[in-house]
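*Asks:* Quick one: the structure is below, and I'll ask about it shortly.
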Amino acid sequence: MNSKNGTFLFQRNFMEYHSDRFEDHSLLIYKDKSLVALLPANKKAGEVHSHMGLTYGGLVLSKKLKMNETLLVFQEVLRFLASEGIGVLHLKLPPTIYQKVPADELEYLLFIAEATNTRVDVSSVIERNARLKIQSNRIEGVKKAKKQGLEIVEGFHFKEFWEGILTPNLAARHQAKPVHSVEEIELLATRFPKQIHQFNVLKDGKIVAGATIFETETVAKVQYISGNDDKQQLGSLDFLFAYLIEERFAEKKFFDFGISNENQGQQLNQGLLYWKETFGARTVACKFYKVNTANHTKFDAVFL
């Protein structure tokens, strides 16, 4: 679909990699047999959610849809869910940086539907046309890396990063695992080779840091980032991200470092946030809402 705000994450070839973990409840919305919108979603405990296996969701809208038609689309979604006995819809909206044309209709419609804002995360983003200078402490890291002879390799070397850096670090520091297993990220990369990229930093042929990037039409998004215990002394991550921002993705409209939130958005990892901001990144909000489906009636008297 030629959408205002869709990305490759909403394609079935992406979503199906974890279909066994979710009860899919995605919706397709048609006008006169033409697909005009879709809602990637799953059902849990009697409620419908913007797909919980995706970073963001909300309504994906055709570029052709005007405001009045978008209102009817959202009203019909709520009416349909209510008719199925589903009382609550949870939405996590795509950040505005993913919009190919303005697509904030849902923000207004959620206001009319008296939705509740349940969570806000903050993502650190660089805009190409308003890029701030990288701070001197990051430049010092780049100089360290060059003196150490580090090199950056782009490709599909996910296993080295997952097993050598990412998974051990997440286990040691957060008692967690990557959202994607190495097998899953390798599968997705074969399906989306132009959108999923791996960048590994090597010293003397051995991996010392890396990052996984998901690329959409408007955004280069950092999906995973990690370095070994020597990253400060080596300047490995400074070196990598200076390259990604100033060279590899210099022409991309936005470079998104991702969120620095923990505990359902209630707290911020201050050190991580500071590091991102020293590259010139600033804040974009990632908003979550819940709306009672019975409130579809509130759209009946919007237009004068």
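Residues are referred to by chain and number: the chain letter is A, B, ... according to the order shown in the structure tokens, the number counts from 1 in that chain, and ligands are numbered separately from 1 in the order shown.
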Excluding range 135-149 of chain A and residues on its chain fewer than 6 positions from it, collect all residues at most 9 Å away from it, counting only C-alpha atoms, and give them as a tab-separated table (two decimals) with N, CA and C atoms, in the first residue's frame.
*Replies:*
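Result went into selection09.tsv, see below:
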chain	number	residue	atom	x	y	z
A	202	LEU	N	36.11	-3.90	14.21
A	202	LEU	CA	37.15	-4.90	14.43
A	202	LEU	C	38.45	-4.25	14.86
A	203	LYS	N	39.15	-4.94	15.77
A	203	LYS	CA	40.53	-4.60	16.11
A	203	LYS	C	41.38	-5.84	15.90
A	204	ASP	N	42.34	-5.73	15.03
A	204	ASP	CA	43.19	-6.87	14.69
A	204	ASP	C	42.36	-8.08	14.27
A	232	GLN	N	35.51	2.27	25.92
A	232	GLN	CA	35.95	3.62	26.25
A	232	GLN	C	37.39	3.85	25.84
A	233	GLN	N	38.24	2.89	26.14
A	233	GLN	CA	39.66	3.02	25.82
A	233	GLN	C	39.90	2.98	24.30
A	234	LEU	N	39.09	2.20	23.61
A	234	LEU	CA	39.26	2.06	22.16
A	234	LEU	C	38.53	3.14	21.37
A	235	GLY	N	37.49	3.72	21.98
A	235	GLY	CA	36.66	4.66	21.23
A	235	GLY	C	35.85	3.99	20.13
A	236	SER	N	35.55	2.71	20.30
A	236	SER	CA	34.95	1.92	19.23
A	236	SER	C	33.56	2.39	18.83
A	237	LEU	N	32.71	2.69	19.81
A	237	LEU	CA	31.36	3.11	19.48
A	237	LEU	C	31.33	4.55	18.96
A	238	ASP	N	32.18	5.41	19.50
A	238	ASP	CA	32.29	6.77	18.95
A	238	ASP	C	32.69	6.72	17.48
A	239	PHE	N	33.66	5.89	17.19
A	239	PHE	CA	34.17	5.71	15.83
A	239	PHE	C	33.07	5.21	14.90
A	240	LEU	N	32.33	4.21	15.35
A	240	LEU	CA	31.28	3.63	14.54
A	240	LEU	C	30.18	4.63	14.26
A	242	ALA	N	30.11	7.97	14.53
A	242	ALA	CA	30.53	9.11	13.72
A	242	ALA	C	30.48	8.73	12.24
A	275	TRP	N	25.14	10.19	26.08
A	275	TRP	CA	26.02	9.75	24.99
A	275	TRP	C	25.38	10.03	23.64
A	277	GLU	N	23.08	12.26	22.95
A	277	GLU	CA	22.93	13.70	22.73
A	277	GLU	C	24.24	14.38	22.39
A	278	THR	N	25.37	13.81	22.80
A	278	THR	CA	26.65	14.40	22.44
A	278	THR	C	26.96	14.24	20.95
A	279	PHE	N	26.22	13.37	20.27
A	279	PHE	CA	26.33	13.27	18.81
A	279	PHE	C	25.43	14.30	18.12
A	280	GLY	N	24.66	15.05	18.90
A	280	GLY	CA	23.75	16.05	18.33
A	280	GLY	C	22.31	15.60	18.26
*Asks:* Please report, as a Markdown table, each residue of range 210-272 of chain A lying at most 10 Å from range 282-285 of chain A, together with the nearest pair of atoms and the separation in Å rounded to one decimal; use only C-alpha atoms, and order rows by chain and ascending residue number.
*Replies:*
| residue | atom | partner | partner_atom | distance |
| --- | --- | --- | --- | --- |
| A:Asp256 | CA | A:Val284 | CA | 9.2 |
| A:Phe257 | CA | A:Arg282 | CA | 9.8 |
| A:Gly258 | CA | A:Val284 | CA | 9.5 |
| A:Ile259 | CA | A:Val284 | CA | 9.2 |
*Asks:* Any chance you could export the current selection's N, CA and C atoms as an mmCIF file, in the first residue's frame?
*Replies:*
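File selection-v2.cif, as written:
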data_model
loop_
_atom_site.group_PDB
_atom_site.id
_atom_site.type_symbol
_atom_site.label_atom_id
_atom_site.label_comp_id
_atom_site.auth_asym_id
_atom_site.auth_seq_id
_atom_site.Cartn_x
_atom_site.Cartn_y
_atom_site.Cartn_z
ATOM 1 N N ASP A 256 18.001 7.769 13.997
ATOM 2 C CA ASP A 256 17.309 7.527 15.264
ATOM 3 C C ASP A 256 18.119 6.560 16.125
ATOM 4 N N PHE A 257 18.621 7.054 17.252
ATOM 5 C CA PHE A 257 19.367 6.211 18.191
ATOM 6 C C PHE A 257 18.447 5.289 18.983
ATOM 7 N N GLY A 258 17.133 5.534 18.956
ATOM 8 C CA GLY A 258 16.221 4.745 19.776
ATOM 9 C C GLY A 258 16.034 5.334 21.158
ATOM 10 N N ILE A 259 15.222 4.653 21.966
ATOM 11 C CA ILE A 259 14.844 5.188 23.275
ATOM 12 C C ILE A 259 15.915 4.907 24.333
#
*Asks:* Tell me, as an mmCIF file with N, CA and C atoms, in the first residue's frame, which residues lie within 12 Å of Asp24 in chain A, counting only C-alpha atoms; anything in the same chain fewer than 5 positions away does not count.
*Replies:*
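Contents of selection-v4.cif, freshly written:
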data_model
loop_
_atom_site.group_PDB
_atom_site.id
_atom_site.type_symbol
_atom_site.label_atom_id
_atom_site.label_comp_id
_atom_site.auth_asym_id
_atom_site.auth_seq_id
_atom_site.Cartn_x
_atom_site.Cartn_y
_atom_site.Cartn_z
ATOM 1 N N ARG A 12 4.003 -8.652 6.121
ATOM 2 C CA ARG A 12 3.835 -9.985 6.698
ATOM 3 C C ARG A 12 5.158 -10.750 6.755
ATOM 4 N N MET A 15 6.482 -9.503 10.080
ATOM 5 C CA MET A 15 5.672 -9.810 11.266
ATOM 6 C C MET A 15 5.579 -11.305 11.565
ATOM 7 N N GLU A 16 5.630 -12.122 10.540
ATOM 8 C CA GLU A 16 5.390 -13.548 10.739
ATOM 9 C C GLU A 16 6.536 -14.284 11.426
ATOM 10 N N HIS A 18 7.579 -14.063 14.299
ATOM 11 C CA HIS A 18 7.228 -14.446 15.679
ATOM 12 C C HIS A 18 5.717 -14.681 15.820
ATOM 13 N N SER A 19 5.106 -15.206 14.767
ATOM 14 C CA SER A 19 3.651 -15.406 14.774
ATOM 15 C C SER A 19 3.192 -16.384 15.847
ATOM 16 N N LEU A 39 -4.363 -1.979 10.336
ATOM 17 C CA LEU A 39 -3.982 -1.903 11.743
ATOM 18 C C LEU A 39 -3.239 -3.187 12.111
ATOM 19 N N PRO A 40 -1.898 -3.153 12.164
ATOM 20 C CA PRO A 40 -1.164 -4.326 12.643
ATOM 21 C C PRO A 40 -1.449 -4.506 14.139
ATOM 22 N N ALA A 41 -2.004 -5.647 14.515
ATOM 23 C CA ALA A 41 -2.478 -5.783 15.891
ATOM 24 C C ALA A 41 -2.489 -7.228 16.346
ATOM 25 N N ASN A 42 -2.537 -7.388 17.661
ATOM 26 C CA ASN A 42 -2.749 -8.709 18.247
ATOM 27 C C ASN A 42 -3.735 -8.585 19.400
ATOM 28 N N LYS A 43 -4.285 -9.717 19.777
ATOM 29 C CA LYS A 43 -5.274 -9.752 20.852
ATOM 30 C C LYS A 43 -4.663 -10.408 22.073
ATOM 31 N N LYS A 44 -4.899 -9.808 23.242
ATOM 32 C CA LYS A 44 -4.390 -10.363 24.497
ATOM 33 C C LYS A 44 -5.368 -10.038 25.621
ATOM 34 N N GLU A 47 -8.364 -7.804 24.951
ATOM 35 C CA GLU A 47 -8.145 -6.464 24.425
ATOM 36 C C GLU A 47 -7.244 -6.538 23.197
ATOM 37 N N VAL A 48 -7.347 -5.536 22.337
ATOM 38 C CA VAL A 48 -6.546 -5.498 21.118
ATOM 39 C C VAL A 48 -5.450 -4.451 21.268
ATOM 40 N N HIS A 49 -4.242 -4.817 20.818
ATOM 41 C CA HIS A 49 -3.063 -3.958 20.944
ATOM 42 C C HIS A 49 -2.439 -3.715 19.581
ATOM 43 N N SER A 50 -1.947 -2.483 19.340
ATOM 44 C CA SER A 50 -0.979 -2.311 18.264
ATOM 45 C C SER A 50 0.044 -3.405 18.442
ATOM 46 N N HIS A 51 0.400 -4.090 17.380
ATOM 47 C CA HIS A 51 1.109 -5.363 17.515
ATOM 48 C C HIS A 51 2.255 -5.278 18.531
ATOM 49 N N MET A 52 2.172 -6.106 19.566
ATOM 50 C CA MET A 52 3.134 -6.041 20.669
ATOM 51 C C MET A 52 4.513 -6.566 20.291
ATOM 52 N N GLY A 53 4.609 -7.183 19.126
ATOM 53 C CA GLY A 53 5.902 -7.650 18.645
ATOM 54 C C GLY A 53 6.615 -6.638 17.772
#
*Asks:* Would you please extract all strand (DSSP E or B) residues from range 49-234 of chain A, as assigned by DSSP on the backbone, and give them as a PyMOL selection string?
*Replies:* chain A and resi 49-50+60-62+88-92+116-127+151-155+196-203+206-215+219-227
*Asks:* Within 8 Å of Lys4 in chain A, counting only C-alpha atoms, which residues show up once you throw out same-chain ones fewer than 6 positions away? Write them as a PyMOL selection string, please.
*Replies:* chain A and resi 60-63+99-103
*Asks:* Residues of the last selection are to be written out with N, CA and C atoms, as a PDB file, in the first residue's frame.
*Replies:*
ATOM      1  N   VAL A  60      -1.978   2.472   9.776  1.00  0.00           N
ATOM      2  CA  VAL A  60      -1.184   2.762   8.582  1.00  0.00           C
ATOM      3  C   VAL A  60      -2.159   3.254   7.529  1.00  0.00           C
ATOM      4  N   LEU A  61      -1.925   4.483   7.027  1.00  0.00           N
ATOM      5  CA  LEU A  61      -2.913   5.176   6.213  1.00  0.00           C
ATOM      6  C   LEU A  61      -2.450   5.387   4.783  1.00  0.00           C
ATOM      7  N   SER A  62      -3.354   5.210   3.846  1.00  0.00           N
ATOM      8  CA  SER A  62      -3.070   5.524   2.450  1.00  0.00           C
ATOM      9  C   SER A  62      -2.802   7.018   2.295  1.00  0.00           C
ATOM     10  N   LYS A  63      -1.877   7.356   1.388  1.00  0.00           N
ATOM     11  CA  LYS A  63      -1.595   8.768   1.116  1.00  0.00           C
ATOM     12  C   LYS A  63      -2.821   9.495   0.582  1.00  0.00           C
ATOM     13  N   GLN A  99       6.874   9.423   9.039  1.00  0.00           N
ATOM     14  CA  GLN A  99       5.870   9.888   8.093  1.00  0.00           C
ATOM     15  C   GLN A  99       6.524  10.354   6.797  1.00  0.00           C
ATOM     16  N   LYS A 100       5.952   9.898   5.680  1.00  0.00           N
ATOM     17  CA  LYS A 100       6.437  10.352   4.372  1.00  0.00           C
ATOM     18  C   LYS A 100       5.712  11.612   3.928  1.00  0.00           C
ATOM     19  N   VAL A 101       4.498  11.788   4.426  1.00  0.00           N
ATOM     20  CA  VAL A 101       3.751  13.046   4.326  1.00  0.00           C
ATOM     21  C   VAL A 101       3.086  13.233   5.694  1.00  0.00           C
ATOM     22  N   PRO A 102       2.622  14.445   6.031  1.00  0.00           N
ATOM     23  CA  PRO A 102       2.001  14.640   7.345  1.00  0.00           C
ATOM     24  C   PRO A 102       0.890  13.624   7.605  1.00  0.00           C
ATOM     25  N   ALA A 103       0.906  13.039   8.806  1.00  0.00           N
ATOM     26  CA  ALA A 103      -0.044  11.957   9.115  1.00  0.00           C
ATOM     27  C   ALA A 103      -0.389  11.946  10.607  1.00  0.00           C
TER      28      ALA A 103
END
*Asks:* Using Å and a single decimal, report how far CA of Asn292 in chain A sits from CA of Gly87 in chain A.
*Replies:*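 Straight-line distance from CA of Gly87 in chain A to CA of Asn292 in chain A works out to 5.7 Å.
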*Asks:* Taking 3 positions as the minimum chain separation for residues in the same chain, which residues sit within 7 Å of range 90-94 of chain A when counting only C-alpha atoms? Answer as a list in words.
*Replies:* Val48, His49, Ser50, Tyr56, Gly57, Gly58, Tyr98, Cys286, Lys287, Phe288, Tyr289, Lys290 and Val291 of chain A
*Asks:* Applying 8 Å and only C-alpha atoms, which residues near Asn129 in chain A remain after dropping the ones on its own chain fewer than 2 positions away? List them as a ChimeraX atom specification.
*Replies:* /A:127,131,253
*Asks:* Identify, on the basis of only C-alpha atoms, every residue whose closest approach to Gln11 in chain A does not exceed 12 Å; exclude the query and any residue fewer than 2 positions from it along the same chain; express the result as a ChimeraX atom specification.
*Replies:* /A:1,6-9,13-17,26,38-40,54,57,60,188,191-192
*Asks:* With distances taken over only C-alpha atoms, which residue among A:Phe255, A:Phe299, A:Tyr274, A:Phe10 lies nearest Ala130 in chain A?
*Replies:* A:Phe255
*Asks:* Using only C-alpha atoms for the distances, tell me which of A:Lys66, A:Lys298, A:Lys276, A:His25 is nearest to Leu89 in chain A.
*Replies:* A:His25
*Asks:* Enter the distance from CA of Phe249 in chain A to CA of His157 in chain A, in Å, rounded to one decimal.
*Replies:* 19.2 Å
*Asks:* Of the candidates A:Leu106, A:Ile29, A:Val73, A:Ile112, which shows the shortest atom-to-atom distance to Val302 in chain A, using only C-alpha atoms?
*Replies:*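 Checking each of A:Leu106, A:Ile29, A:Val73, A:Ile112 against Val302 in chain A, counting only C-alpha atoms, the winner is A:Ile112.
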*Asks:* With DSSP run on the backbone, what are the helix (DSSP H, G or I) residues within range 73-266 of chain A? I'd like them as a PyMOL selection string.
*Replies:* chain A and resi 73-83+96-98+105-112+128-130+136-147+158-174+182-191+231-234+236-248
*Asks:* How many Å lie between CA of Gln198 in chain A and CA of Phe156 in chain A, rounded to one decimal?
*Replies:*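 These atoms are spaced 5.6 Å apart.
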